[in-house]
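Note: the block below is query-v4.tsv and it holds TSV, C-alpha atoms and all ligand atoms.
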```tsv
chain	number	residue	atom	x	y	z
A	259	MET	CA	10.65	-17.78	-21.31
A	260	LYS	CA	8.25	-15.02	-20.40
A	261	LYS	CA	7.96	-14.55	-16.65
A	262	ILE	CA	5.00	-13.02	-14.88
A	263	PHE	CA	5.44	-11.86	-11.30
A	264	PHE	CA	2.35	-12.45	-9.18
A	265	THR	CA	4.53	-11.82	-6.13
A	266	PRO	CA	3.10	-9.19	-3.74
A	267	GLY	CA	6.08	-6.88	-4.10
A	268	PRO	CA	8.21	-6.19	-5.96
A	269	SER	CA	5.68	-7.33	-8.50
A	270	GLU	CA	5.04	-7.31	-12.23
A	271	LEU	CA	5.98	-3.93	-13.73
A	272	TYR	CA	3.23	-1.81	-15.23
A	273	PRO	CA	3.30	-2.42	-19.01
A	274	THR	CA	4.27	1.15	-19.95
A	275	ILE	CA	7.33	1.22	-17.63
A	276	SER	CA	9.87	0.14	-20.21
A	277	PHE	CA	8.77	2.90	-22.60
A	278	HIS	CA	8.97	5.55	-19.86
A	279	MET	CA	12.35	4.30	-18.64
A	280	LYS	CA	13.86	4.56	-22.11
A	281	LYS	CA	12.42	8.02	-22.53
A	282	ALA	CA	13.74	9.04	-19.10
A	283	LEU	CA	17.25	7.93	-20.04
A	284	ALA	CA	17.07	9.70	-23.42
A	285	ASP	CA	15.98	12.87	-21.58
A	286	HIS	CA	18.73	12.53	-18.90
A	287	ILE	CA	16.19	12.47	-16.05
A	288	PRO	CA	18.57	10.63	-13.64
A	289	SER	CA	21.22	13.36	-14.09
A	290	ILE	CA	19.18	16.51	-13.48
A	291	SER	CA	19.62	18.42	-10.24
A	292	HIS	CA	16.98	17.94	-7.57
A	293	ARG	CA	17.18	21.70	-6.95
A	294	SER	CA	16.44	22.61	-10.58
A	295	ASP	CA	13.25	23.83	-12.24
A	296	ALA	CA	13.26	20.67	-14.34
A	297	PHE	CA	12.85	18.71	-11.09
A	298	HIS	CA	10.24	21.12	-9.68
A	299	ASP	CA	8.21	20.43	-12.83
A	300	ILE	CA	8.49	16.65	-12.38
A	301	PHE	CA	7.47	16.92	-8.71
A	302	GLN	CA	4.49	19.12	-9.57
A	303	SER	CA	3.43	16.98	-12.48
A	304	THR	CA	3.55	13.74	-10.43
A	305	GLU	CA	1.66	15.42	-7.60
A	306	ASN	CA	-1.04	16.59	-10.03
A	307	SER	CA	-1.35	13.19	-11.72
A	308	LEU	CA	-1.67	11.38	-8.39
A	309	LYS	CA	-4.21	13.85	-7.05
A	310	LYS	CA	-6.34	13.43	-10.17
A	311	LEU	CA	-6.03	9.64	-10.31
A	312	LEU	CA	-6.86	9.04	-6.64
A	313	ASN	CA	-9.16	12.02	-6.14
A	314	ILE	CA	-7.00	13.60	-3.42
A	315	PRO	CA	-8.21	17.02	-2.17
A	316	ALA	CA	-6.22	19.99	-3.50
A	317	ASN	CA	-5.24	21.13	0.01
A	318	TYR	CA	-3.62	17.80	0.92
A	319	TYR	CA	0.18	17.44	0.89
A	320	ILE	CA	2.25	14.80	-0.91
A	321	PHE	CA	5.71	13.95	0.44
A	322	PHE	CA	8.17	11.47	-1.07
A	323	PHE	CA	10.27	9.04	1.00
A	324	PRO	CA	12.43	6.01	0.17
A	325	SER	CA	9.94	3.41	1.47
A	326	ALA	CA	6.63	2.79	3.23
A	327	THR	CA	8.48	1.43	6.26
A	328	GLU	CA	10.27	4.74	6.64
A	329	ILE	CA	6.92	6.54	6.42
A	330	MET	CA	5.61	4.53	9.39
A	331	GLU	CA	8.60	5.69	11.41
A	332	ARG	CA	8.25	9.33	10.33
A	333	LEU	CA	4.53	9.35	11.20
A	334	ILE	CA	5.15	8.05	14.71
A	335	GLN	CA	8.04	10.43	15.24
A	336	SER	CA	6.33	13.57	13.92
A	337	LEU	CA	2.68	13.03	14.89
A	338	VAL	CA	2.80	11.17	18.21
A	339	ALA	CA	4.03	12.50	21.54
A	340	LYS	CA	3.21	9.37	23.53
A	341	HIS	CA	0.42	7.10	22.36
A	342	SER	CA	-0.44	5.70	18.97
A	343	ALA	CA	-3.15	3.04	18.65
A	344	HIS	CA	-2.60	0.07	16.34
A	345	PHE	CA	-4.93	-2.46	14.76
A	346	VAL	CA	-2.73	-5.54	14.44
A	347	ASN	CA	-3.79	-8.57	12.38
A	348	GLY	CA	-0.64	-9.43	10.46
A	349	SER	CA	3.04	-8.71	9.99
A	350	PHE	CA	2.84	-5.22	8.49
A	351	SER	CA	0.41	-3.85	11.07
A	352	ASP	CA	2.64	-5.42	13.71
A	353	LEU	CA	5.67	-3.73	12.17
A	354	PHE	CA	3.95	-0.33	12.51
A	355	TYR	CA	3.28	-1.11	16.20
A	356	LYS	CA	6.87	-2.23	16.79
A	357	ILE	CA	8.22	0.93	15.19
A	358	ALA	CA	6.26	2.94	17.77
A	359	LEU	CA	7.79	0.79	20.54
A	360	GLY	CA	11.23	1.20	18.99
A	361	LEU	CA	10.89	4.97	19.08
A	362	GLY	CA	10.14	4.80	22.80
A	363	LYS	CA	6.42	5.60	22.55
A	364	GLN	CA	3.71	3.81	24.51
A	365	PRO	CA	1.51	2.42	21.74
A	366	TYR	CA	-1.84	0.70	22.33
A	367	LYS	CA	-2.54	-2.49	20.44
A	368	PHE	CA	-5.82	-4.09	19.32
A	369	GLU	CA	-5.09	-7.54	18.05
A	370	THR	CA	-6.99	-10.26	16.19
A	371	PRO	CA	-5.59	-13.54	14.88
A	372	PHE	CA	-3.90	-13.49	11.47
A	373	GLY	CA	-6.49	-13.96	8.74
A	374	ASN	CA	-9.19	-12.06	10.63
A	375	GLY	CA	-10.58	-8.55	10.33
A	376	PHE	CA	-11.81	-6.43	13.24
A	377	ASP	CA	-15.15	-5.77	14.83
A	378	PHE	CA	-14.67	-2.00	14.87
A	379	GLU	CA	-17.95	-1.29	16.61
A	380	GLN	CA	-16.74	-3.22	19.65
A	381	ILE	CA	-13.41	-1.43	19.88
A	382	ASN	CA	-12.89	1.72	21.92
A	383	VAL	CA	-9.53	3.41	21.66
A	384	PRO	CA	-8.21	5.09	24.82
A	385	LYS	CA	-8.75	8.82	25.06
A	386	ALA	CA	-5.02	9.49	25.01
A	387	SER	CA	-4.55	7.95	21.53
A	388	GLU	CA	-3.09	10.53	19.19
A	389	LEU	CA	-2.77	8.59	15.95
A	390	ILE	CA	-4.87	5.56	15.00
A	391	CYS	CA	-2.88	3.27	12.70
A	392	ILE	CA	-4.70	0.88	10.38
A	393	THR	CA	-3.35	-1.39	7.67
A	394	GLN	CA	-6.09	-1.37	5.05
A	395	ASN	CA	-4.73	-4.39	3.22
A	396	GLU	CA	-2.62	-6.83	5.27
A	397	THR	CA	-0.22	-8.22	2.70
A	398	SER	CA	0.91	-11.04	5.00
A	399	THR	CA	-2.58	-12.54	5.33
A	400	GLY	CA	-4.77	-11.20	2.51
A	401	VAL	CA	-7.15	-9.40	4.86
A	402	SER	CA	-8.63	-6.17	3.59
A	403	ILE	CA	-10.61	-3.80	5.83
A	404	PRO	CA	-13.70	-2.36	4.11
A	405	LEU	CA	-13.25	1.42	4.08
A	406	GLN	CA	-16.74	2.05	5.41
A	407	TYR	CA	-15.70	0.50	8.75
A	408	ILE	CA	-12.80	2.93	8.93
A	409	TYR	CA	-14.98	5.93	8.04
A	410	ASN	CA	-17.52	4.95	10.71
A	411	PHE	CA	-14.69	4.69	13.17
A	412	LYS	CA	-13.48	8.18	12.24
A	413	LYS	CA	-17.02	9.46	12.86
A	414	ARG	CA	-16.77	8.11	16.42
A	415	TYR	CA	-13.38	9.80	16.87
A	416	PRO	CA	-13.53	12.92	14.69
A	417	HIS	CA	-10.65	14.63	16.49
A	418	LYS	CA	-8.15	11.81	16.27
A	419	LEU	CA	-5.76	11.47	13.37
A	420	ILE	CA	-6.02	8.31	11.30
A	421	ALA	CA	-3.06	6.81	9.44
A	422	LEU	CA	-3.89	4.29	6.73
A	423	ASP	CA	-1.41	1.94	5.06
A	424	ILE	CA	-2.63	1.25	1.49
A	425	VAL	CA	0.67	-0.19	0.22
A	426	SER	CA	-0.75	-3.36	-1.30
A	427	SER	CA	-4.20	-2.12	-2.32
A	428	VAL	CA	-3.58	1.20	-4.05
A	429	PRO	CA	-4.96	2.19	-6.58
A	430	TYR	CA	-7.88	-0.24	-6.12
A	431	PRO	CA	-9.87	1.21	-3.19
A	432	VAL	CA	-11.93	4.36	-3.73
A	433	ILE	CA	-10.72	6.44	-0.82
A	434	ASP	CA	-12.41	9.44	0.79
A	435	PHE	CA	-9.25	11.27	1.81
A	436	LYS	CA	-11.22	13.94	3.67
A	437	LEU	CA	-11.83	11.39	6.43
A	438	LEU	CA	-8.17	10.40	6.73
A	439	ASP	CA	-4.99	12.21	7.76
A	440	ALA	CA	-1.95	10.21	6.69
A	441	VAL	CA	-2.38	7.75	3.84
A	442	PHE	CA	0.71	6.06	2.46
A	443	PHE	CA	2.07	3.51	0.03
A	444	SER	CA	5.22	2.45	-1.76
A	445	VAL	CA	5.29	1.98	-5.52
A	446	GLN	CA	6.60	-1.57	-6.12
A	447	LYS	CA	3.21	-3.16	-5.54
A	448	GLY	CA	0.00	-1.81	-7.12
A	449	PHE	CA	1.71	0.83	-9.24
A	450	GLY	CA	4.10	-1.69	-10.77
A	451	LEU	CA	7.23	0.46	-10.46
A	452	PRO	CA	10.77	-0.44	-9.38
A	453	ALA	CA	11.12	-0.23	-5.56
A	454	GLY	CA	12.66	2.71	-3.72
A	455	LEU	CA	9.89	5.27	-3.42
A	456	GLY	CA	7.27	5.82	-0.72
A	457	VAL	CA	4.43	8.32	-0.99
A	458	LEU	CA	2.74	10.02	1.97
A	459	ILE	CA	-0.51	11.95	1.57
A	460	LEU	CA	-1.18	14.27	4.52
A	461	SER	CA	-4.20	16.28	5.61
A	462	PRO	CA	-3.93	19.90	6.76
A	463	GLN	CA	-4.85	18.64	10.28
A	464	ALA	CA	-1.85	16.31	10.26
A	465	ILE	CA	0.39	19.23	9.31
A	466	SER	CA	-1.04	21.28	12.20
A	467	VAL	CA	-0.23	18.47	14.63
A	468	ALA	CA	3.30	18.16	13.22
A	469	ASN	CA	3.77	21.90	13.74
A	470	TYR	CA	2.32	21.74	17.24
A	471	LEU	CA	4.57	18.87	18.36
A	472	ASN	CA	7.70	20.46	16.96
A	473	GLY	CA	9.71	21.99	19.79
A	474	LYS	CA	7.67	20.21	22.48
A	475	ASN	CA	9.44	17.61	24.59
A	476	GLY	CA	10.98	14.79	22.56
A	477	SER	CA	12.50	14.69	19.10
A	478	VAL	CA	10.28	14.82	16.01
A	479	GLY	CA	13.17	13.64	13.86
A	480	SER	CA	15.82	15.42	11.88
A	481	TYR	CA	16.03	15.97	8.10
A	482	HIS	CA	12.93	13.84	7.46
A	483	ALA	CA	10.83	15.33	10.27
A	484	LEU	CA	7.50	16.16	8.63
A	485	ILE	CA	7.90	19.86	9.32
A	486	ASN	CA	11.24	19.84	7.54
A	487	CYS	CA	9.73	17.95	4.59
A	488	LEU	CA	7.02	20.62	4.51
A	489	LYS	CA	9.61	23.38	4.07
A	490	TYR	CA	10.99	21.62	1.01
A	491	TYR	CA	7.54	20.63	-0.26
A	492	GLU	CA	6.70	24.30	-0.57
A	493	LYS	CA	9.51	24.58	-3.13
A	494	LYS	CA	8.50	21.24	-4.77
A	495	GLU	CA	11.65	19.64	-3.39
A	496	THR	CA	12.73	17.04	-0.83
A	497	PRO	CA	15.34	17.54	1.93
A	498	GLU	CA	17.77	15.04	0.37
A	499	THR	CA	18.50	13.85	-3.17
A	500	PRO	CA	15.39	11.82	-3.86
A	501	ASN	CA	14.59	8.97	-6.23
A	502	VAL	CA	14.04	11.36	-9.13
A	503	LEU	CA	13.53	8.55	-11.65
A	504	GLY	CA	10.94	6.93	-9.39
A	505	ILE	CA	9.03	10.19	-8.93
A	506	TYR	CA	9.11	10.71	-12.71
A	507	LEU	CA	7.88	7.15	-13.45
A	508	LEU	CA	5.11	7.38	-10.84
A	509	GLY	CA	3.75	10.50	-12.52
A	510	LYS	CA	3.82	8.83	-15.93
A	511	VAL	CA	2.14	5.63	-14.74
A	512	ALA	CA	-0.52	7.56	-12.77
A	513	LYS	CA	-1.30	9.43	-15.99
A	514	ASP	CA	-1.43	6.21	-18.04
A	515	MET	CA	-3.81	4.68	-15.50
A	516	ARG	CA	-6.07	7.71	-15.70
A	517	LEU	CA	-6.10	7.57	-19.50
A	518	LYS	CA	-7.01	3.90	-19.37
A	519	GLY	CA	-9.75	4.80	-16.89
A	520	ILE	CA	-9.52	4.21	-13.16
A	521	ASP	CA	-13.03	2.72	-13.09
A	522	LYS	CA	-12.09	0.16	-15.71
A	523	LEU	CA	-8.88	-0.63	-13.90
A	524	ARG	CA	-10.79	-1.19	-10.66
A	525	SER	CA	-13.51	-3.32	-12.22
A	526	ASP	CA	-10.82	-5.46	-13.90
A	527	ILE	CA	-9.20	-6.09	-10.51
A	528	LYS	CA	-12.56	-6.97	-9.00
A	529	ASN	CA	-13.35	-9.43	-11.81
A	530	LYS	CA	-9.92	-11.08	-11.72
A	531	ALA	CA	-10.23	-11.50	-7.94
A	532	GLN	CA	-13.67	-12.99	-8.38
A	533	SER	CA	-12.42	-15.60	-10.83
A	534	LEU	CA	-9.56	-16.57	-8.53
A	535	TYR	CA	-11.76	-16.88	-5.44
A	536	ASP	CA	-14.43	-18.75	-7.45
A	537	PHE	CA	-11.84	-21.24	-8.58
A	538	PHE	CA	-10.39	-21.76	-5.08
A	539	GLN	CA	-13.85	-22.11	-3.53
A	540	HIS	CA	-14.68	-25.03	-5.77
A	541	THR	CA	-11.68	-27.25	-5.12
A	542	SER	CA	-10.76	-29.13	-1.98
A	543	PHE	CA	-7.06	-28.81	-2.81
A	544	TYR	CA	-6.95	-25.03	-2.41
A	545	SER	CA	-8.76	-22.91	0.14
A	546	PRO	CA	-8.70	-19.15	0.66
A	547	PHE	CA	-7.01	-18.32	3.98
A	548	VAL	CA	-9.47	-15.54	4.84
A	549	SER	CA	-12.76	-17.22	5.60
A	550	ASP	CA	-14.93	-14.12	6.06
A	551	TYR	CA	-15.88	-12.84	2.57
A	552	ASN	CA	-16.23	-9.35	3.91
A	553	PHE	CA	-12.51	-9.17	4.65
A	554	ARG	CA	-11.10	-10.91	1.58
A	555	SER	CA	-8.62	-8.77	-0.30
A	556	ALA	CA	-9.08	-8.30	-4.05
A	557	THR	CA	-5.41	-7.41	-4.56
A	558	ILE	CA	-3.59	-9.97	-2.37
A	559	ILE	CA	-5.09	-13.43	-2.46
A	560	VAL	CA	-3.73	-15.85	0.12
A	561	VAL	CA	-4.44	-19.54	-0.36
A	562	ASP	CA	-3.79	-22.61	1.79
A	563	ILE	CA	-2.40	-25.53	-0.22
A	564	LYS	CA	-3.46	-28.99	0.87
A	565	ASN	CA	-0.03	-30.68	0.74
A	566	GLY	CA	2.15	-27.60	1.07
A	567	SER	CA	3.21	-24.89	-1.36
A	568	ILE	CA	6.92	-25.57	-1.96
A	569	LYS	CA	6.54	-28.01	-4.87
A	570	LEU	CA	3.69	-26.05	-6.34
A	571	ARG	CA	5.73	-22.85	-6.43
A	572	GLU	CA	8.60	-24.70	-8.12
A	573	LYS	CA	6.24	-26.12	-10.76
A	574	LEU	CA	4.72	-22.72	-11.42
A	575	LYS	CA	8.16	-21.15	-11.62
A	576	LYS	CA	9.05	-23.56	-14.45
A	577	GLU	CA	6.09	-22.11	-16.35
A	578	GLY	CA	7.30	-18.57	-15.65
A	579	LEU	CA	4.48	-18.02	-13.16
A	580	MET	CA	6.07	-16.44	-10.08
A	581	VAL	CA	3.73	-16.48	-7.10
A	582	GLY	CA	4.58	-15.41	-3.56
A	583	SER	CA	5.17	-17.87	-0.73
A	584	GLY	CA	3.16	-17.64	2.45
A	585	TYR	CA	4.47	-15.02	4.85
A	586	LYS	CA	7.06	-16.13	7.42
A	587	GLU	CA	5.80	-19.25	9.27
A	588	MET	CA	3.20	-19.84	6.54
A	589	ALA	CA	5.95	-19.90	3.87
A	590	GLY	CA	5.61	-23.59	3.00
A	591	LYS	CA	1.85	-23.83	3.50
A	592	GLN	CA	0.41	-21.02	1.42
A	593	ILE	CA	0.85	-19.10	-1.77
A	594	ARG	CA	0.10	-15.41	-2.15
A	595	ILE	CA	-1.10	-14.04	-5.47
A	596	ALA	CA	-0.94	-10.35	-6.29
A	597	ASN	CA	-3.75	-9.04	-8.47
A	598	PHE	CA	-2.63	-5.57	-9.52
A	599	PRO	CA	-3.31	-3.39	-12.57
A	600	ALA	CA	-0.22	-4.89	-14.28
A	601	HIS	CA	-1.77	-8.38	-14.20
A	602	LYS	CA	-3.83	-9.02	-17.28
A	603	VAL	CA	-7.02	-11.09	-17.36
A	604	ALA	CA	-5.20	-13.56	-19.62
A	605	ASP	CA	-2.35	-13.90	-17.07
A	606	ILE	CA	-4.82	-14.79	-14.33
A	607	ARG	CA	-6.53	-17.30	-16.62
A	608	ARG	CA	-3.20	-18.91	-17.36
A	609	LEU	CA	-2.39	-19.12	-13.66
A	610	ILE	CA	-5.75	-20.73	-12.90
A	611	TYR	CA	-5.21	-23.20	-15.74
A	612	PHE	CA	-1.91	-24.40	-14.22
A	613	LEU	CA	-3.27	-24.48	-10.69
A	614	LYS	CA	-6.13	-26.62	-11.90
A	615	ASN	CA	-3.77	-29.06	-13.65
A	616	TYR	CA	-1.54	-29.30	-10.60
A	617	SER	CA	-4.40	-30.23	-8.28
A	618	SER	CA	-5.89	-32.92	-10.51
A	701	LIG	C1	5.23	-4.02	1.46
A	701	LIG	C2	4.46	-3.39	2.55
A	701	LIG	C3	5.03	-2.43	3.40
A	701	LIG	C4	6.49	-2.07	3.33
A	701	LIG	O1	6.80	-1.40	2.16
A	701	LIG	P1	8.34	-0.99	1.88
A	701	LIG	O2	8.24	-0.16	0.66
A	701	LIG	O3	9.07	-2.29	1.69
A	701	LIG	O4	8.82	-0.27	3.05
A	701	LIG	C5	4.23	-1.87	4.37
A	701	LIG	N1	2.93	-2.19	4.49
A	701	LIG	C6	2.35	-3.11	3.70
A	701	LIG	C7	0.91	-3.41	3.89
A	701	LIG	C8	3.10	-3.73	2.70
A	701	LIG	O5	2.51	-4.62	1.91
```
If you took the structure in this file and wrote it as structure tokens, what would it be?
Amino acid sequence: MKKIFFTPGPSELYPTISFHMKKALADHIPSISHRSDAFHDIFQSTENSLKKLLNIPANYYIFFFPSATEIMERLIQSLVAKHSAHFVNGSFSDLFYKIALGLGKQPYKFETPFGNGFDFEQINVPKASELICITQNETSTGVSIPLQYIYNFKKRYPHKLIALDIVSSVPYPVIDFKLLDAVFFSVQKGFGLPAGLGVLILSPQAISVANYLNGKNGSVGSYHALINCLKYYEKKETPETPNVLGIYLLGKVAKDMRLKGIDKLRSDIKNKAQSLYDFFQHTSFYSPFVSDYNFRSATIIVVDIKNGSIKLREKLKKEGLMVGSGYKEMAGKQIRIANFPAHKVADIRRLIYFLKNYSS
């Protein structure tokens, strides 16, 4: 039976992945040296494709890591001497905060209940904050922060660095990278790739801070300290043997997405989200967890299920429709549906059809 993964991540693979994987094997991509010109070309080509697809300024840097979680740790270690400031409204934003605690920093925390956004205009970050950390799309709750709020916030604090986690929204939001300093994601969600690759996009200001903090009191890390990654980046390399296949596949998929048209891809996501939310709005059996429309994510849709989600997920699984459970304590109460570029309009229709049958 055909299975479709609506799970938040890993998720359904992008449809061209199997073609590119076969080609990669035929071309011996997993065997080439990460110090060879063949690898430099892959690195450069993936960097170019990503910059074109996401409209990233030419003078921004792209570093590769094994995961988004590692990127959070590297950002705290290389860009923060003492105080980061965290907007916490779910498990991933909380993880970022806890990583700062774990590294012995003194992070500030601004918290709202799970399922809520933030009233940015009412929040003042302490003067000593060095890095403001925001999770644009909270995968645990389905809350998405409109980018305009973040840009307005940056205008109030033009000299503070902003880190933005876009793991479960990329490539949907249209991002103005010039207003941000450290934007990151991993590839097993919106890009529909196998897991094991994280991507960090850094502004020149972030690099200056990394340089400034290096050699000051406290460790900025070792082989993956941002300044060490920078040294290798200049050669189109990474400090260690990286996920060469992942970097190769990311470049290919970014190119495929651009050929398809990023605007089309984004409007498809918007329309699929609309049909899901419309359906859930009009039943009493299902209700979207995020009540404020303004903060509802288009890419991660979290739904409360009237009599619990365990049986529903089993039923859907029998149809090959794999949806996510609620996160942690919400596991048995909610389902989470990923709506990424790999999910076709027809897949979403099929899912709605079975959800409708189940509730009636
Ligand atoms: C999945 C996820 C992460 C963690 O990504 P890994 O690649 O597993 O480290 C971080 N932030 C958000 C918002 C996520 O959805």
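Of the listed residues A:Thr557, A:Asn374, A:Thr499, A:Ser426, the one whose atoms come nearest to Ser444 (chain A) is A:Ser426, with distances taken using only C-alpha atoms.
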Please check which protein, DNA or RNA residues sit within 9 Å of ligand LIG 701 (chain A), counting all atoms listed in the file, and write them as a PyMOL selection string. chain A and resi 266-268+324-330+349-351+353-354+393-398+423-427+442-447+453-456
Quick one: of A:Arg516, A:Lys367, A:Arg332, A:His298, who's nearest to Asn347 (chain A), counting only C-alpha atoms?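 For Asn347 (chain A), the nearest of the given residues is A:Lys367.
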Can you pull out the residues contacting region 560-574 of chain A? Cut-off 7 Å, using all atoms listed in the file, and skip same-chain residues under 3 positions away; I want them as a list of chain:residue names.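 Counting only the stated atoms, we get A:Thr399, A:Gly400, A:Phe543, A:Tyr544, A:Ser545, A:Pro546, A:Phe547, A:Glu577, A:Gly578, A:Leu579, A:Met580, A:Val581, A:Gly590, A:Lys591, A:Gln592, A:Ile593, A:Arg594, A:Ile595.
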Measuring between only C-alpha atoms, which one of A:Val548, A:Ile334, A:Ile275, A:Ile527 shows the shortest distance to Tyr430 (chain A)? A:Ile527
Rounded to one decimal, what separation in Å do you get between CA of Asn382 (chain A) and CA of Ser342 (chain A)? 13.4 Å
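Using only C-alpha atoms, the set of residues no farther than 12 Å from the position (-7.8, 23.3, 0.9) comprises Ile314, Pro315, Ala316, Asn317, Tyr318, Tyr319, Lys436, Leu460, Ser461, Pro462 and Gln463 of chain A.
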Could you please determine the separation between CA of Leu508 (chain A) and CA of Leu308 (chain A) in Å, to one decimal place?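 Going from CA of Leu508 (chain A) over to CA of Leu308 (chain A) covers 8.2 Å.
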